[in-house]
Amino acid sequence: MSQLFTPVRVGRLTLQNRLIMAPMTRSRADDAGVPGDLVSLYYAQRAGAGLIISEGVFPSAMGKGYVRTPGIATEAQIAAWKKVTEAVHAQGGRIFMQVMHCGRISHPSLLPNGAQPVAPSAIKPAGQTWTGSGMQEFVTPRELSLDEIAGVIADYRMATRRALEAGFDGVELHAASGYLPEQFLSSGSNQ
Ligand SMILES: Cc1cc2nc3c(=O)[nH]c(=O)nc-3n(C[C@H](O)[C@H](O)[C@H](O)COP(=O)(O)O)c2cc1C
C-alpha cells in the first residue's frame, strides 16, 4: 500500500503513482466520432491515476466497431482530444490513447457508406453487435488485400502522430480481445 502512491518511472515518463486506469469504451462521442465536453470531464475526474489508458479509439473510419465511439482520423477529432488531454494534464495526470481497429467486429451501419467490415479472411464472427438501431448480427467481412494491409499499417502510424499532436503522452495499440491485429494472429479468423 505504501508503495502504491509513490512515483514510478515508466519509459521516459514519471507517473505520480502506480495506479493505471484500464481502457474502457464509453460510447460518448457524437456520430462523427468526436468526443465532447462530457469526455473531458470523465477523464479529468480520473486524472489522479498515475496513467490513464483511454477508451479504444479508431485510427481510421473503417476501424470503428461500436456506435458512438471516438476516432483520431479527422481534424475535428484531434481538436476535441486536445481538450481532453489538456483537462487531464491540468490535474497533473498522464494519458495514453488506445488505438483500436475493430476489423470484422463491426457492422456496415457504423462504417462509411455502409461499407462491409474488413478482416484477414472473409469469416463471419459469431454473435451480434450493438448499433444505432440495437443489436445486429455480425456480417461476413471483406478480405483485405496485401496493399490494403499496408494502408492499415499506415493508418496506425498516422493515428499515432495525430494522438501525439493532440497532446497524448503515448499510445497503446490494442492487439487483443479479437480486434484486427488479433484477427491476423488467430487461425479462426485468418486462413
Ligand atoms: C464497458 C467496458 C468497456 C471496455 N472497453 C475496452 C476498450 O476499449 N479497450 C480495451 O482494451 N479493453 C476494454 N475493456 C476491458 C477492460 O479494460 C478490462 O481489461 C477488463 O474489464 C478486465 O479487467 P478486470 O480483469 O480488472 O475486470 C472494457 C471493459 C468494459 C467492462
# chains A, B, ... in the order shown; residues from 1 in each chain; ligands from 1

$ residues_around --residues "Thr160 of chain A" --least-positions-apart "4" --cutoff "7 Å" --atoms "only C-alpha atoms" --output "number ranges by chain"
A: 156, 164, 171

$ select_by_dssp --residues "segment 54-99 of chain A" --states "strand (DSSP E)" --output "number ranges by chain"
A: 54-57, 95-99

$ write_last_selection --atoms "N, CA and C atoms" --output "compact mmCIF listing (two decimals), in the first residue's frame"
# COMPACT_ATOMS: atom_id res chain seq x y z
N SER A 54 -6.82 5.48 -22.51
CA SER A 54 -8.15 5.89 -22.98
C SER A 54 -8.95 4.70 -23.47
N GLU A 55 -10.23 4.93 -23.64
CA GLU A 55 -11.09 4.01 -24.37
C GLU A 55 -10.47 3.75 -25.76
N GLY A 56 -10.83 2.63 -26.37
CA GLY A 56 -10.36 2.33 -27.72
C GLY A 56 -10.80 3.41 -28.69
N VAL A 57 -9.88 3.87 -29.53
CA VAL A 57 -10.13 4.96 -30.48
C VAL A 57 -9.80 4.47 -31.88
N ILE A 95 -1.97 10.59 -19.84
CA ILE A 95 -2.96 9.80 -20.60
C ILE A 95 -2.37 9.29 -21.91
N PHE A 96 -2.56 8.00 -22.13
CA PHE A 96 -2.21 7.37 -23.41
C PHE A 96 -3.51 7.15 -24.19
N MET A 97 -3.43 7.21 -25.50
CA MET A 97 -4.57 6.83 -26.32
C MET A 97 -4.45 5.35 -26.70
N GLN A 98 -5.53 4.62 -26.53
CA GLN A 98 -5.56 3.25 -27.04
C GLN A 98 -6.09 3.28 -28.47
N VAL A 99 -5.26 2.85 -29.42
CA VAL A 99 -5.66 2.83 -30.83
C VAL A 99 -6.26 1.45 -31.11

$ residues_around --residues "Gly36 of chain A" --least-positions-apart "3" --cutoff "10 Å" --atoms "only C-alpha atoms" --output "ChimeraX atom specification"
/A:28-30,33,39-41,70,77,80-81,83-84

$ write_last_selection --atoms "N, CA and C atoms" --output "short mmCIF file (atom, residue, chain, number, x, y, z; two decimals), in the first residue's frame"
data_model
loop_
_atom_site.label_atom_id
_atom_site.label_comp_id
_atom_site.auth_asym_id
_atom_site.auth_seq_id
_atom_site.Cartn_x
_atom_site.Cartn_y
_atom_site.Cartn_z
N ARG A 28 -19.44 7.73 -25.86
CA ARG A 28 -19.98 9.06 -25.57
C ARG A 28 -19.59 10.08 -26.63
N ALA A 29 -19.06 9.63 -27.77
CA ALA A 29 -18.72 10.55 -28.85
C ALA A 29 -19.97 10.81 -29.69
N ASP A 30 -19.89 11.82 -30.57
CA ASP A 30 -21.03 12.03 -31.47
C ASP A 30 -20.90 11.10 -32.68
N GLY A 33 -17.69 10.72 -34.47
CA GLY A 33 -16.54 10.20 -33.73
C GLY A 33 -15.77 11.26 -32.97
N VAL A 39 -16.65 13.91 -22.16
CA VAL A 39 -15.47 13.03 -22.21
C VAL A 39 -14.29 13.70 -21.49
N SER A 40 -14.11 15.01 -21.70
CA SER A 40 -13.07 15.75 -20.97
C SER A 40 -13.30 15.64 -19.47
N LEU A 41 -14.55 15.85 -19.07
CA LEU A 41 -14.89 15.81 -17.64
C LEU A 41 -14.60 14.42 -17.07
N PRO A 70 -15.21 7.12 -30.34
CA PRO A 70 -14.44 8.22 -30.91
C PRO A 70 -13.33 7.74 -31.85
N GLN A 77 -11.63 15.63 -34.67
CA GLN A 77 -11.33 14.67 -33.60
C GLN A 77 -10.05 15.08 -32.86
N ALA A 80 -10.80 17.96 -30.57
CA ALA A 80 -11.59 17.55 -29.39
C ALA A 80 -10.72 16.82 -28.38
N TRP A 81 -9.83 15.94 -28.88
CA TRP A 81 -8.94 15.21 -27.96
C TRP A 81 -7.95 16.15 -27.27
N LYS A 83 -8.63 18.99 -26.04
CA LYS A 83 -9.32 19.48 -24.83
C LYS A 83 -9.25 18.42 -23.72
N VAL A 84 -9.35 17.15 -24.12
CA VAL A 84 -9.31 16.05 -23.14
C VAL A 84 -7.92 15.98 -22.50
#

$ residues_near_ligand --ligand "ligand 1" --cutoff "7 Å" --atoms "only C-alpha atoms and all ligand atoms" --output "number ranges by chain"
A: 22-26, 55-56, 174

$ write_last_selection --atoms "C-alpha atoms" --output "mmCIF file, in the first residue's frame"
data_model
loop_
_atom_site.group_PDB
_atom_site.id
_atom_site.type_symbol
_atom_site.label_atom_id
_atom_site.label_comp_id
_atom_site.auth_asym_id
_atom_site.auth_seq_id
_atom_site.Cartn_x
_atom_site.Cartn_y
_atom_site.Cartn_z
ATOM 1 C CA ALA A 22 -7.711 0.262 -17.834
ATOM 2 C CA PRO A 23 -9.081 1.245 -21.246
ATOM 3 C CA MET A 24 -12.880 1.264 -21.332
ATOM 4 C CA THR A 25 -15.168 2.037 -24.226
ATOM 5 C CA ARG A 26 -17.758 4.584 -23.062
ATOM 6 C CA GLU A 55 -11.089 4.008 -24.372
ATOM 7 C CA GLY A 56 -10.365 2.329 -27.715
ATOM 8 C CA HIS A 174 -4.934 -2.714 -28.919
#

$ residues_around --residues "Pro108 of chain A" --least-positions-apart "4" --cutoff "12 Å" --atoms "only C-alpha atoms" --output "list in words"
Ala61, Met62, Gly63, Lys64, Gly65, Tyr66, Val67, Gly103, Arg104, Pro112, Asn113, Gly114, Ala115, Gln116, Pro117, Val118, Thr129, Trp130, Thr131, Gly132, Gln136, Glu137, Phe138, Val139, Thr140, Pro141 and Arg142 of chain A

$ residues_around --residues "His89 of chain A" --least-positions-apart "4" --cutoff "12 Å" --atoms "only C-alpha atoms" --output "PyMOL selection string"
chain A and resi 15-16+40+43-52+82-85+93-96+167-169

$ closest_residue --among "A:Thr69, A:Ser186, A:Ser145, A:Ser121" --to "Ser27 of chain A" --atoms "only C-alpha atoms"
A:Thr69

$ atom_distance --atom1 "atom CA of Ala150 of chain A" --atom2 "atom CA of Gln183 of chain A"
15.8 Å

$ closest_residue --among "A:Leu146, A:Ala154, A:Cys102, A:Leu111" --to "Tyr179 of chain A" --atoms "only C-alpha atoms"
A:Cys102

$ closest_residue --among "A:His107, A:Tyr42, A:Arg162, A:Ala73" --to "Ala87 of chain A" --atoms "only C-alpha atoms"
A:Tyr42
